[in-house]
Amino acid sequence: MSGGRLAGMPSLTRAEATRRAAQLAVQGYAVALDLDVGDERFASQTTVTFQALADGVQTWVDVKATDVHEVLLDGIPVDLAGWHDGRLALPALAGGAHTLSVDATMAYRRDGSGLHRAVDPADGEAYVYVQSFLDYAPAVFACFDQPDLKASISLRVHAPTHWIIVGNGAATQVGDGEWELAATAPISTYLFTVCGGPFVSVRDSHDGIPLGLHARASMRAELERWAPQIFEVTKQSFDAYHALFGIRYPFGDYHQVFVPDFNAVAMENPGCVTLRDALLYRGAATPDEVLRRSRTVCHEMAHMWFGDLVTMKWWDDLWLNESFAEYLAHRVLTGATEFADAWVDFGILRKPWGYAAERAPSAHPVAGAPALTAEDALSDFDGISYAKGATALRQLIAFVGDEVFVGGVSNYLRDKAFGNGTFAEFLAAIEASAGRDLGDWARDWLLTTGRDTFAVEAPAVGDGEVVYSADGDGPVLTRRAPAAYPASRPHVLDVGVYAASAPPEVTRVLADRERTALPDLRVAPGDRLVLPNCSDLTWASIDFDEATLAALPARLGELADPLARSVCWQSLDDGVARGVVDPRLFLDAIARSWPRETHPALFANVADDALVVLSRFVPDDLRPGLRAELAETARTVIERESDGSPRATIAARLVARASTHEGLLRTWLDAGPSWLQGDTDFRWLVVGNLAGLGRLREEELAAAEAADPTVSGRLAGLLARASVPTVAAKTWAFEQLVDPASGHTNHALVELARGLWRSPDRGLVRPFVEPFLDAIPRMTAWVGDDALTKVVRFGFPFVVEARTIELVDAALARNDLTPGVRRAFVEWSWPVREALASRSRWFPTG
């Protein structure tokens with residue numbers, strides 16, 4: 001789930017929402033949309049029935065339209081002079097039932113929010129979809145837009161006659177271009193959606209639930225290729241959630257619509273989940289990619305209960321949606337699907353996202369952040385809300401027991417069904433099930449920012465076997481809380497000792513103090529690894545002892561347990577960012593242990609991490625040689641693998657991105673590795689690398705674009721063009737990025753920003769840092785918050801030098817930044833600060 005806000009319009013405050021919820025009860029919306037009146041606008045008519053809970057209520061309805069034609073309250077016209085800043089003031093309301101009708105014209109958007117309209121370059125067909133989160137529902141229909149004013153929504157749609165319409169309620173075609181969608185159960189307005197276009201569809205059913213998959217007509221082959229696997233995971237997930245909660249799926253049909261230009265990965269609209277259509281892989285798909293999509297399917301379905309059936313009362317409890325969906329998705333994948341090792345993916349992909357967020361100054365607690373406005377809550381929508389929250393739930397289960405946890409959750413869902421809940425109410429449900437107070441646990445784990453650091457202190461090993469005990473001379477697990485955020489979090493975790501010539505010794509402990517003895521651990525003298533949190537059960541930094549750190553590059557690949565390897569890889573990467581691990585040690589581990597890595601998620605994500613470490617933490621003069629070594633390491637993997645194996649594909653993708661060997665790249669440009677011939681996405685990796693190296697002719701790039709007239713091809717072409725290392729190319733990319741007249745979609749803006757900063761010479765891109773930081777605040781006038789945050793996140797000017805930080809600090813001193821832009825500058829400049837600190841320590845003369 002993800003979204004943003006309309007520029008220039010006030011963000012709803014918590015106080016306003018509390019007051020309006022006390023004044024009104026909303027029964028239902030009847031919405032009519034005309035999607036066949038042009039390419040820029042659509043017609044929106046809304047009739048809402050509601051009750052005023054007292055006499056003399058003064059309130060407003062949210063209408064973010066281009067024009068409001070008529071508003072009737074109980075049949076009487078409302079003065080439109082009261083409509084401004086997306087709000088229409090209503091006359092004082094008498095207590096009792098009311099009917100409000102709003103006739104308006106709304107604007108299609110191009111940034112993935114509101115009613116987004118996209119044209120498929122492959123065939124010229126148009127598609128639309130609604131992304132209402134966080135506060136874009138009023139840009140589609142007039143409503144009382146806040147999560148705790150739930151209501152039933154029915155919908156009528158007029159659309160081009162060859163379109164298919166899918167939405168929250170079951171859709172029925174009642175005439176040429178005329179559709180009616182059944183009234184929903186009570187839902188929050190941010191969960192409203194409708195999708196339209198000449199979709200290709202695949203349908204099925206399971207356990208009485210009608211199922212549908214939909215995608216653009218040009219993606220028929222991809223949809224039909226993947227539909228069986230997606231349906232399989234969908235059905236397995238339904239069975240698992242029904243068994244877990246004892247509550248049936250409550251929203252009728254279940255559609256999954258793959259849409260273009262989607263800011264998030266997916267959105268949990270009840271009955272009609274929208275997903276980024278890149279998840280319908282068109283080329284080779286490795287097991288980690290299929291797992292990632294399957295996790296998304298499970299995650300969004302979990303929201304049908306956590307988020308849709310029961311919705312947070314206010315945005316500060318958004319973590320109740322995301323932490324639960326994150327945890328439940330991995331639980332269900334592990335227990336009900338072929339992906340029995342899904343927690344490995346969580347550890348190497350999701351947790352590092354949260355760890356990075358918590359290293360930054362913008363870190364926040366999982367729960368309890370004040371969120372005085374809806375916009376404030378959106379700023380805290382990050383890896384902490386997802387990955388740290390999910391890990392905290394795993395710790396809660398370890399603390400109270402799984403049966404107690406599931407019982408409390410089920411009671412909470414039944415008690416709040418079709419309504420709203422709060423953190424306090426959820427905690428009370430778990431406490432009632434557990435029969436114990438959890439206030440201290442919740443304070444330390446959920447209401448306090450920061451993560452603890454674990455290390456193992458062990459005595460020196462002499463000759464012969466040594467038995468460590470708790471008599472004061474044995475090993476001790478130390479726990480250190482952040483000085484800025486003191487807490488006493490109890491952790492349940494495993495500590496493992498891995499000797500070169502003996503079976504691993506693993507012990508589970510409750511670390512509820514600063515020093516915890518580790519009784520009866522055995523280790524042979526000599527080569528050994530000591531790994532705190534070796535099963536990846538908790539949320540923590542790991543400081544390896546010197547012997548373990550020195551041995552890891554060679555020994556990591558020998559560990560049999562993929563969770564232990566995941567902890568090692570993520571801790572090395574995190575240690576580089578924290579400045580406690582030399583980047584060269586991490587790259588040494590890549591050279592010596594990555595080729596032996598057998599788990600697809602680890603093999604793929606660690607390869608990505610290697611490129612990040614190279615680009616950020618290695619000085620310019622050392623980078624070419626180390627980049628060549630990385631490419632050669634990947635090439636040797638290809639030589640040892642059978643053609644078409646997942647490892648061969650992942651290694652080939654790394655070579656395509658990292659190699660500077662023009663001869664090899666041109667060979668692959670013409671034909672590609674044998675098993676990837678015809679894989680257009682792989683060819684774009686080669687094209688993009690050659691373009692970034694300045695070794696691709698204009699006619700070659702134009703030919704690649706002409707050969708792939710798809711959404712994916714257009715985006716890849718923009719990235720390649722922006723990557724060309726010339727002043728002219730960089731100037732073009734910057735102007736295309738910041739000029740509203742360029743008309744680029746949200747995804748296109750991201751690719752332009754990514755390519756802008758790609759250069760073998762930072763002197764080429766240095767002149768664009770200050771203009772970029774100056775332009776981003778202005779872009780809020782035409783780009784929504786979520787889309788713009790993505791531009792900053794993926795396209796931040798990663799020019800690692802002190803001058804960049806000076807320019808960021810100057811930008812942060814401005815008084816015209818929106819909260820979203822300010823937060824993005826703080827969060828995504830932090831990796832530059834980390835890189836500078838790391839280089840200062842490990843390359844002091846660099």
# chains A, B, ... in the order shown; residues from 1 in each chain; ligands from 1
>>> residues_around(residues="A:Leu529", least_positions_apart="3", cutoff="7 Å", atoms="only C-alpha atoms", output="list in words")
Val497, Tyr498, Ala499 and Thr548 of chain A
>>> write_last_selection(atoms="C-alpha atoms", output="mmCIF file, in the first residue's frame")
data_model
loop_
_atom_site.group_PDB
_atom_site.id
_atom_site.type_symbol
_atom_site.label_atom_id
_atom_site.label_comp_id
_atom_site.auth_asym_id
_atom_site.auth_seq_id
_atom_site.Cartn_x
_atom_site.Cartn_y
_atom_site.Cartn_z
ATOM 1 C CA VAL A 497 28.835 -21.382 17.242
ATOM 2 C CA TYR A 498 30.023 -22.802 13.930
ATOM 3 C CA ALA A 499 33.355 -24.621 14.001
ATOM 4 C CA THR A 548 34.437 -14.164 13.487
#
>>> residues_around(residues="A:Ile397", least_positions_apart="6", cutoff="12 Å", atoms="only C-alpha atoms", output="tab-separated table (two decimals) with all heavy atoms, in the first residue's frame")
chain	number	residue	atom	x	y	z
A	327	TYR	N	4.05	-9.70	8.61
A	327	TYR	CA	4.26	-10.94	9.38
A	327	TYR	C	3.44	-12.09	8.82
A	327	TYR	O	3.95	-13.20	8.59
A	327	TYR	CB	3.92	-10.72	10.86
A	327	TYR	CG	3.78	-12.03	11.59
A	327	TYR	CD1	4.90	-12.81	11.87
A	327	TYR	CD2	2.53	-12.52	11.95
A	327	TYR	CE1	4.78	-14.04	12.51
A	327	TYR	CE2	2.40	-13.75	12.58
A	327	TYR	CZ	3.52	-14.50	12.86
A	327	TYR	OH	3.40	-15.72	13.46
A	390	ALA	N	6.83	-6.30	11.93
A	390	ALA	CA	6.64	-7.75	11.77
A	390	ALA	C	7.55	-8.53	12.70
A	390	ALA	O	7.15	-9.54	13.29
A	390	ALA	CB	6.90	-8.15	10.32
A	391	THR	N	8.79	-8.07	12.85
A	391	THR	CA	9.72	-8.75	13.76
A	391	THR	C	9.26	-8.61	15.20
A	391	THR	O	9.37	-9.55	16.01
A	391	THR	CB	11.14	-8.18	13.59
A	391	THR	OG1	11.50	-8.24	12.22
A	391	THR	CG2	12.13	-8.98	14.41
A	403	GLU	N	-0.50	-19.71	20.48
A	403	GLU	CA	-1.93	-19.92	20.70
A	403	GLU	C	-2.57	-18.70	21.34
A	403	GLU	O	-3.68	-18.29	20.97
A	403	GLU	CB	-2.14	-21.17	21.56
A	403	GLU	CG	-3.60	-21.53	21.76
A	403	GLU	CD	-3.78	-22.81	22.56
A	403	GLU	OE1	-2.78	-23.52	22.79
A	403	GLU	OE2	-4.92	-23.12	22.95
A	404	VAL	N	-1.88	-18.13	22.30
A	404	VAL	CA	-2.38	-16.92	22.95
A	404	VAL	C	-2.49	-15.77	21.94
A	404	VAL	O	-3.49	-15.05	21.89
A	404	VAL	CB	-1.45	-16.53	24.11
A	404	VAL	CG1	-1.73	-15.10	24.58
A	404	VAL	CG2	-1.63	-17.51	25.27
A	405	PHE	N	-1.46	-15.63	21.13
A	405	PHE	CA	-1.43	-14.55	20.14
A	405	PHE	C	-2.58	-14.70	19.14
A	405	PHE	O	-3.34	-13.74	18.91
A	405	PHE	CB	-0.09	-14.56	19.42
A	405	PHE	CG	0.02	-13.58	18.29
A	405	PHE	CD1	0.27	-12.24	18.53
A	405	PHE	CD2	-0.12	-13.99	16.96
A	405	PHE	CE1	0.37	-11.33	17.49
A	405	PHE	CE2	-0.01	-13.10	15.92
A	405	PHE	CZ	0.23	-11.76	16.18
A	406	VAL	N	-2.72	-15.87	18.54
A	406	VAL	CA	-3.76	-16.08	17.53
A	406	VAL	C	-5.14	-15.90	18.15
A	406	VAL	O	-6.04	-15.31	17.54
A	406	VAL	CB	-3.60	-17.47	16.89
A	406	VAL	CG1	-4.80	-17.77	15.98
A	406	VAL	CG2	-2.30	-17.54	16.08
A	407	GLY	N	-5.32	-16.37	19.38
A	407	GLY	CA	-6.60	-16.20	20.04
A	407	GLY	C	-6.95	-14.74	20.26
A	407	GLY	O	-8.08	-14.31	20.01
A	408	GLY	N	-5.96	-13.95	20.69
A	408	GLY	CA	-6.20	-12.53	20.91
A	408	GLY	C	-6.49	-11.80	19.61
A	408	GLY	O	-7.38	-10.94	19.55
A	409	VAL	N	-5.74	-12.14	18.56
A	409	VAL	CA	-5.96	-11.51	17.26
A	409	VAL	C	-7.35	-11.83	16.74
A	409	VAL	O	-8.08	-10.94	16.26
A	409	VAL	CB	-4.88	-11.97	16.26
A	409	VAL	CG1	-5.27	-11.58	14.83
A	409	VAL	CG2	-3.53	-11.35	16.61
A	430	ILE	N	-4.80	-8.87	23.21
A	430	ILE	CA	-3.71	-9.83	23.43
A	430	ILE	C	-3.52	-10.04	24.93
A	430	ILE	O	-3.30	-11.18	25.40
A	430	ILE	CB	-2.41	-9.35	22.79
A	430	ILE	CG1	-2.60	-9.09	21.29
A	430	ILE	CG2	-1.30	-10.37	22.99
A	430	ILE	CD1	-3.03	-10.31	20.50
A	434	ALA	N	-3.71	-13.48	26.94
A	434	ALA	CA	-2.53	-13.94	27.67
A	434	ALA	C	-2.74	-13.97	29.18
A	434	ALA	O	-2.00	-14.67	29.89
A	434	ALA	CB	-1.34	-13.04	27.34
A	441	TRP	N	6.33	-4.47	27.82
A	441	TRP	CA	6.81	-5.03	26.55
A	441	TRP	C	6.47	-4.09	25.40
A	441	TRP	O	7.32	-3.80	24.55
A	441	TRP	CB	6.16	-6.41	26.31
A	441	TRP	CG	6.70	-7.10	25.09
A	441	TRP	CD1	7.70	-8.00	25.05
A	441	TRP	CD2	6.26	-6.91	23.74
A	441	TRP	NE1	7.94	-8.39	23.75
A	441	TRP	CE2	7.06	-7.74	22.93
A	441	TRP	CE3	5.29	-6.12	23.14
A	441	TRP	CZ2	6.91	-7.80	21.54
A	441	TRP	CZ3	5.13	-6.16	21.77
A	441	TRP	CH2	5.93	-7.00	20.98
A	491	HIS	N	14.56	-10.00	24.37
A	491	HIS	CA	14.70	-10.66	23.07
A	491	HIS	C	14.75	-12.16	23.26
A	491	HIS	O	15.46	-12.66	24.15
A	491	HIS	CB	16.00	-10.24	22.37
A	491	HIS	CG	16.11	-8.80	22.03
A	491	HIS	ND1	15.97	-8.32	20.74
A	491	HIS	CD2	16.39	-7.71	22.80
A	491	HIS	CE1	16.16	-7.02	20.73
A	491	HIS	NE2	16.41	-6.62	21.98
A	492	VAL	N	14.02	-12.88	22.42
A	492	VAL	CA	14.22	-14.31	22.29
A	492	VAL	C	15.02	-14.52	21.01
A	492	VAL	O	14.59	-14.11	19.93
A	492	VAL	CB	12.89	-15.07	22.22
A	492	VAL	CG1	13.14	-16.56	21.98
A	492	VAL	CG2	12.09	-14.86	23.49
A	537	LEU	N	15.62	-14.27	14.47
A	537	LEU	CA	14.33	-14.13	15.13
A	537	LEU	C	14.06	-12.72	15.63
A	537	LEU	O	12.90	-12.35	15.84
A	537	LEU	CB	14.26	-15.09	16.33
A	537	LEU	CG	14.12	-16.57	16.02
A	537	LEU	CD1	14.18	-17.38	17.31
A	537	LEU	CD2	12.82	-16.84	15.29
A	538	THR	N	15.09	-11.94	15.84
A	538	THR	CA	14.87	-10.65	16.47
A	538	THR	C	15.38	-9.52	15.60
A	538	THR	O	15.92	-9.72	14.50
A	538	THR	CB	15.51	-10.60	17.87
A	538	THR	OG1	14.93	-9.51	18.61
A	538	THR	CG2	17.02	-10.45	17.81
>>> select_by_dssp(residues="stretch 183-390 of chain A", states="strand (DSSP E)", output="VMD selection string")
chain A and resid 194 to 197 200 to 206 209 to 215 254 to 259 266 to 267 272 to 276 310 to 312
>>> residues_around(residues="stretch 297-300 of chain A", least_positions_apart="5", cutoff="8 Å", atoms="only C-alpha atoms", output="PyMOL selection string")
chain A and resi 230+233-234+237+266-268+273+325-326+328-330+332-333
>>> closest_residue(among="A:Arg822, A:Arg592, A:Arg666, A:Arg515", to="A:Ala551", atoms="only C-alpha atoms")
A:Arg592
>>> residues_around(residues="A:Tyr386", least_positions_apart="4", cutoff="8 Å", atoms="only C-alpha atoms", output="VMD selection string")
chain A and resid 319 322 to 323 326 354 382 390
>>> write_last_selection(atoms="C-alpha atoms", output="tab-separated table (two decimals), in the first residue's frame")
chain	number	residue	atom	x	y	z
A	319	TRP	CA	1.43	-0.08	11.59
A	322	GLU	CA	1.37	-3.18	7.64
A	323	SER	CA	3.21	-5.00	10.41
A	326	GLU	CA	4.13	-8.35	6.62
A	354	GLY	CA	13.91	-1.27	7.97
A	382	ASP	CA	8.53	2.87	5.77
A	390	ALA	CA	6.64	-7.75	11.77
>>> atom_distance(atom1="atom CA of A:Tyr254", atom2="atom CA of A:Val130")
16.5 Å
>>> closest_residue(among="A:Ala511, A:Ile187, A:Ala92, A:Leu477", to="A:Trp60", atoms="only C-alpha atoms")
A:Ala92
>>> atom_distance(atom1="atom CA of A:His162", atom2="atom CA of A:Trp179")
11.9 Å
>>> select_by_dssp(residues="stretch 581-762 of chain A", states="helix (DSSP H, G or I)", output="PyMOL selection string")
chain A and resi 583-592+594-596+600-617+623-640+646-658+662-670+674-676+680-692+698-707+711-723+727-738+740-742+746-756+762
>>> atom_distance(atom1="atom CA of A:Phe768", atom2="atom CA of A:Ala835")
19.7 Å
>>> residues_around(residues="A:Asp145", least_positions_apart="4", cutoff="9 Å", atoms="only C-alpha atoms", output="PyMOL selection string")
chain A and resi 12+17+61-62+135-138+149+188-190
>>> residues_around(residues="A:Glu806", least_positions_apart="3", cutoff="12 Å", atoms="only C-alpha atoms", output="JSON, numbers by chain")
{"A": [769, 770, 773, 799, 800, 801, 802, 803, 809, 810, 811, 812, 813, 829, 832, 833]}
>>> write_last_selection(atoms="all heavy atoms", output="mmCIF file, in the first residue's frame")
data_model
loop_
_atom_site.group_PDB
_atom_site.id
_atom_site.type_symbol
_atom_site.label_atom_id
_atom_site.label_comp_id
_atom_site.auth_asym_id
_atom_site.auth_seq_id
_atom_site.Cartn_x
_atom_site.Cartn_y
_atom_site.Cartn_z
ATOM 1 N N VAL A 769 23.526 18.926 -8.684
ATOM 2 C CA VAL A 769 23.060 18.639 -7.329
ATOM 3 C C VAL A 769 22.221 19.790 -6.791
ATOM 4 O O VAL A 769 21.083 19.598 -6.327
ATOM 5 C CB VAL A 769 24.252 18.343 -6.393
ATOM 6 C CG1 VAL A 769 23.753 18.181 -4.955
ATOM 7 C CG2 VAL A 769 24.996 17.097 -6.848
ATOM 8 N N GLU A 770 22.756 20.984 -6.826
ATOM 9 C CA GLU A 770 22.018 22.127 -6.274
ATOM 10 C C GLU A 770 20.729 22.400 -7.041
ATOM 11 O O GLU A 770 19.670 22.583 -6.410
ATOM 12 C CB GLU A 770 22.907 23.367 -6.254
ATOM 13 C CG GLU A 770 22.265 24.559 -5.546
ATOM 14 C CD GLU A 770 23.235 25.704 -5.341
ATOM 15 O OE1 GLU A 770 24.350 25.664 -5.928
ATOM 16 O OE2 GLU A 770 22.903 26.640 -4.591
ATOM 17 N N LEU A 773 18.070 19.786 -5.916
ATOM 18 C CA LEU A 773 17.520 20.057 -4.591
ATOM 19 C C LEU A 773 16.606 21.270 -4.606
ATOM 20 O O LEU A 773 15.646 21.347 -3.825
ATOM 21 C CB LEU A 773 18.658 20.256 -3.589
ATOM 22 C CG LEU A 773 19.552 19.029 -3.351
ATOM 23 C CD1 LEU A 773 20.756 19.417 -2.501
ATOM 24 C CD2 LEU A 773 18.758 17.908 -2.671
ATOM 25 N N VAL A 799 26.319 11.956 -4.908
ATOM 26 C CA VAL A 799 27.661 12.475 -5.158
ATOM 27 C C VAL A 799 28.333 12.552 -3.795
ATOM 28 O O VAL A 799 28.042 13.434 -2.983
ATOM 29 C CB VAL A 799 27.608 13.849 -5.844
ATOM 30 C CG1 VAL A 799 29.018 14.373 -6.108
ATOM 31 C CG2 VAL A 799 26.801 13.760 -7.138
ATOM 32 N N VAL A 800 29.200 11.592 -3.515
ATOM 33 C CA VAL A 800 29.733 11.428 -2.158
ATOM 34 C C VAL A 800 30.863 12.409 -1.931
ATOM 35 O O VAL A 800 32.042 12.146 -2.193
ATOM 36 C CB VAL A 800 30.202 9.979 -1.929
ATOM 37 C CG1 VAL A 800 30.692 9.810 -0.487
ATOM 38 C CG2 VAL A 800 29.066 9.013 -2.199
ATOM 39 N N GLU A 801 30.494 13.569 -1.435
ATOM 40 C CA GLU A 801 31.464 14.597 -1.065
ATOM 41 C C GLU A 801 30.779 15.567 -0.121
ATOM 42 O O GLU A 801 29.545 15.665 -0.087
ATOM 43 C CB GLU A 801 32.010 15.311 -2.306
ATOM 44 C CG GLU A 801 30.967 15.894 -3.224
ATOM 45 C CD GLU A 801 31.564 16.370 -4.543
ATOM 46 O OE1 GLU A 801 32.607 15.826 -4.950
ATOM 47 O OE2 GLU A 801 30.997 17.280 -5.157
ATOM 48 N N ALA A 802 31.586 16.274 0.645
ATOM 49 C CA ALA A 802 31.040 17.151 1.682
ATOM 50 C C ALA A 802 30.138 18.233 1.106
ATOM 51 O O ALA A 802 29.167 18.658 1.744
ATOM 52 C CB ALA A 802 32.185 17.775 2.476
ATOM 53 N N ARG A 803 30.445 18.671 -0.116
ATOM 54 C CA ARG A 803 29.649 19.739 -0.720
ATOM 55 C C ARG A 803 28.194 19.319 -0.892
ATOM 56 O O ARG A 803 27.272 20.137 -0.723
ATOM 57 C CB ARG A 803 30.256 20.132 -2.065
ATOM 58 C CG ARG A 803 29.484 21.211 -2.826
ATOM 59 C CD ARG A 803 29.346 22.494 -2.018
ATOM 60 N NE ARG A 803 28.656 23.529 -2.776
ATOM 61 C CZ ARG A 803 28.097 24.607 -2.231
ATOM 62 N NH1 ARG A 803 28.159 24.792 -0.917
ATOM 63 N NH2 ARG A 803 27.486 25.489 -2.987
ATOM 64 N N ASP A 809 21.892 20.499 3.538
ATOM 65 C CA ASP A 809 21.609 21.258 4.760
ATOM 66 C C ASP A 809 21.048 22.637 4.436
ATOM 67 O O ASP A 809 20.157 23.137 5.138
ATOM 68 C CB ASP A 809 22.878 21.383 5.605
ATOM 69 C CG ASP A 809 23.289 20.059 6.229
ATOM 70 O OD1 ASP A 809 22.440 19.145 6.293
ATOM 71 O OD2 ASP A 809 24.458 19.927 6.635
ATOM 72 N N ALA A 810 21.556 23.247 3.359
ATOM 73 C CA ALA A 810 21.008 24.540 2.951
ATOM 74 C C ALA A 810 19.562 24.391 2.493
ATOM 75 O O ALA A 810 18.706 25.235 2.798
ATOM 76 C CB ALA A 810 21.864 25.137 1.828
ATOM 77 N N ALA A 811 19.277 23.314 1.784
ATOM 78 C CA ALA A 811 17.898 23.074 1.348
ATOM 79 C C ALA A 811 16.988 22.842 2.549
ATOM 80 O O ALA A 811 15.847 23.325 2.582
ATOM 81 C CB ALA A 811 17.854 21.878 0.402
ATOM 82 N N LEU A 812 17.476 22.110 3.549
ATOM 83 C CA LEU A 812 16.667 21.837 4.727
ATOM 84 C C LEU A 812 16.415 23.095 5.556
ATOM 85 O O LEU A 812 15.466 23.133 6.361
ATOM 86 C CB LEU A 812 17.347 20.774 5.596
ATOM 87 C CG LEU A 812 17.346 19.357 5.016
ATOM 88 C CD1 LEU A 812 18.237 18.440 5.849
ATOM 89 C CD2 LEU A 812 15.922 18.807 4.971
ATOM 90 N N ALA A 813 17.240 24.113 5.370
ATOM 91 C CA ALA A 813 17.049 25.360 6.106
ATOM 92 C C ALA A 813 15.937 26.220 5.510
ATOM 93 O O ALA A 813 15.512 27.199 6.128
ATOM 94 C CB ALA A 813 18.361 26.153 6.132
ATOM 95 N N SER A 829 19.329 11.610 2.179
ATOM 96 C CA SER A 829 20.700 12.141 2.225
ATOM 97 C C SER A 829 21.534 11.394 3.252
ATOM 98 O O SER A 829 22.767 11.482 3.236
ATOM 99 C CB SER A 829 20.695 13.637 2.564
ATOM 100 O OG SER A 829 20.241 13.870 3.891
ATOM 101 N N VAL A 832 24.377 9.214 2.069
ATOM 102 C CA VAL A 832 25.559 9.981 1.648
ATOM 103 C C VAL A 832 26.421 10.298 2.870
ATOM 104 O O VAL A 832 27.650 10.174 2.830
ATOM 105 C CB VAL A 832 25.147 11.288 0.937
ATOM 106 C CG1 VAL A 832 26.385 12.063 0.486
ATOM 107 C CG2 VAL A 832 24.256 10.981 -0.268
ATOM 108 N N ARG A 833 25.776 10.678 3.956
ATOM 109 C CA ARG A 833 26.516 10.955 5.192
ATOM 110 C C ARG A 833 27.207 9.677 5.693
ATOM 111 O O ARG A 833 28.343 9.725 6.165
ATOM 112 C CB ARG A 833 25.571 11.520 6.252
ATOM 113 C CG ARG A 833 24.889 12.825 5.832
ATOM 114 C CD ARG A 833 23.866 13.281 6.875
ATOM 115 N NE ARG A 833 22.969 14.295 6.369
ATOM 116 C CZ ARG A 833 23.139 15.611 6.490
ATOM 117 N NH1 ARG A 833 24.204 16.077 7.120
ATOM 118 N NH2 ARG A 833 22.257 16.463 5.996
#
>>> residues_around(residues="A:Gly383", least_positions_apart="2", cutoff="9 Å", atoms="only C-alpha atoms", output="VMD selection string")
chain A and resid 350 to 358 380 to 381 385 to 389
>>> write_last_selection(atoms="N, CA, C and O atoms", output="compact mmCIF listing (two decimals), in the first residue's frame")
# COMPACT_ATOMS: atom_id res chain seq x y z
N ARG A 350 13.70 -7.50 3.34
CA ARG A 350 12.80 -6.61 4.06
C ARG A 350 13.46 -5.97 5.28
O ARG A 350 13.32 -4.77 5.53
N LYS A 351 14.19 -6.79 6.06
CA LYS A 351 14.81 -6.22 7.26
C LYS A 351 15.86 -5.16 6.94
O LYS A 351 15.90 -4.12 7.62
N PRO A 352 16.71 -5.33 5.93
CA PRO A 352 17.66 -4.25 5.62
C PRO A 352 16.97 -2.94 5.27
O PRO A 352 17.51 -1.86 5.55
N TRP A 353 15.80 -3.01 4.66
CA TRP A 353 15.02 -1.80 4.39
C TRP A 353 14.68 -1.11 5.70
O TRP A 353 14.84 0.13 5.84
N GLY A 354 14.23 -1.86 6.68
CA GLY A 354 13.91 -1.27 7.97
C GLY A 354 15.13 -0.82 8.73
O GLY A 354 15.13 0.22 9.40
N TYR A 355 16.20 -1.61 8.67
CA TYR A 355 17.44 -1.22 9.34
C TYR A 355 17.95 0.12 8.81
O TYR A 355 18.40 0.98 9.58
N ALA A 356 17.88 0.31 7.49
CA ALA A 356 18.33 1.57 6.91
C ALA A 356 17.47 2.73 7.40
O ALA A 356 17.98 3.82 7.72
N ALA A 357 16.16 2.50 7.49
CA ALA A 357 15.27 3.56 7.98
C ALA A 357 15.58 3.92 9.42
O ALA A 357 15.51 5.08 9.83
N GLU A 358 15.95 2.91 10.21
CA GLU A 358 16.20 3.18 11.63
C GLU A 358 17.59 3.76 11.88
O GLU A 358 17.85 4.32 12.95
N ASP A 380 5.90 8.44 8.01
CA ASP A 380 6.41 7.31 8.79
C ASP A 380 6.03 5.96 8.19
O ASP A 380 6.06 4.93 8.86
N PHE A 381 5.71 5.97 6.92
CA PHE A 381 5.28 4.77 6.21
C PHE A 381 6.49 4.16 5.53
O PHE A 381 6.81 4.46 4.39
N SER A 385 7.70 0.48 9.81
CA SER A 385 6.30 0.07 9.94
C SER A 385 6.09 -1.35 9.45
O SER A 385 5.24 -2.07 9.98
N TYR A 386 6.84 -1.75 8.44
CA TYR A 386 6.69 -3.09 7.88
C TYR A 386 7.57 -4.11 8.60
O TYR A 386 7.10 -4.99 9.31
N ALA A 387 8.88 -4.00 8.39
CA ALA A 387 9.78 -5.08 8.79
C ALA A 387 10.03 -5.10 10.29
O ALA A 387 10.02 -6.17 10.92
N LYS A 388 10.26 -3.93 10.91
CA LYS A 388 10.46 -3.95 12.35
C LYS A 388 9.18 -4.35 13.07
O LYS A 388 9.21 -5.14 14.03
N GLY A 389 8.05 -3.85 12.58
CA GLY A 389 6.79 -4.23 13.19
C GLY A 389 6.53 -5.72 13.10
O GLY A 389 6.07 -6.35 14.05
>>> closest_atom_pairs(of="stretch 746-789 of chain A", to="stretch 98-121 of chain A", cutoff="8 Å", atoms="only C-alpha atoms", output="CSV")
residue,atom,partner,partner_atom,distance
A:Asn746,CA,A:Asp111,CA,4.6
A:His747,CA,A:Asp111,CA,7.9
A:Val783,CA,A:Asp111,CA,6.2
A:Gly784,CA,A:Asp111,CA,6.5
A:Ala787,CA,A:Asp111,CA,6.1
>>> write_last_selection(atoms="C-alpha atoms", output="PDB file, in the first residue's frame")
ATOM      1  CA  ASN A 746       5.646   9.023 -12.064  1.00  0.00           C
ATOM      2  CA  HIS A 747       7.691   5.973 -13.110  1.00  0.00           C
ATOM      3  CA  VAL A 783       3.555  15.627  -8.577  1.00  0.00           C
ATOM      4  CA  GLY A 784       1.880  13.924  -5.616  1.00  0.00           C
ATOM      5  CA  ALA A 787       5.450   9.837  -6.425  1.00  0.00           C
TER       6      ALA A 787
END
>>> closest_residue(among="A:Leu630, A:Ala554, A:Ala458, A:Ile542", to="A:Asp574", atoms="only C-alpha atoms")
A:Ile542
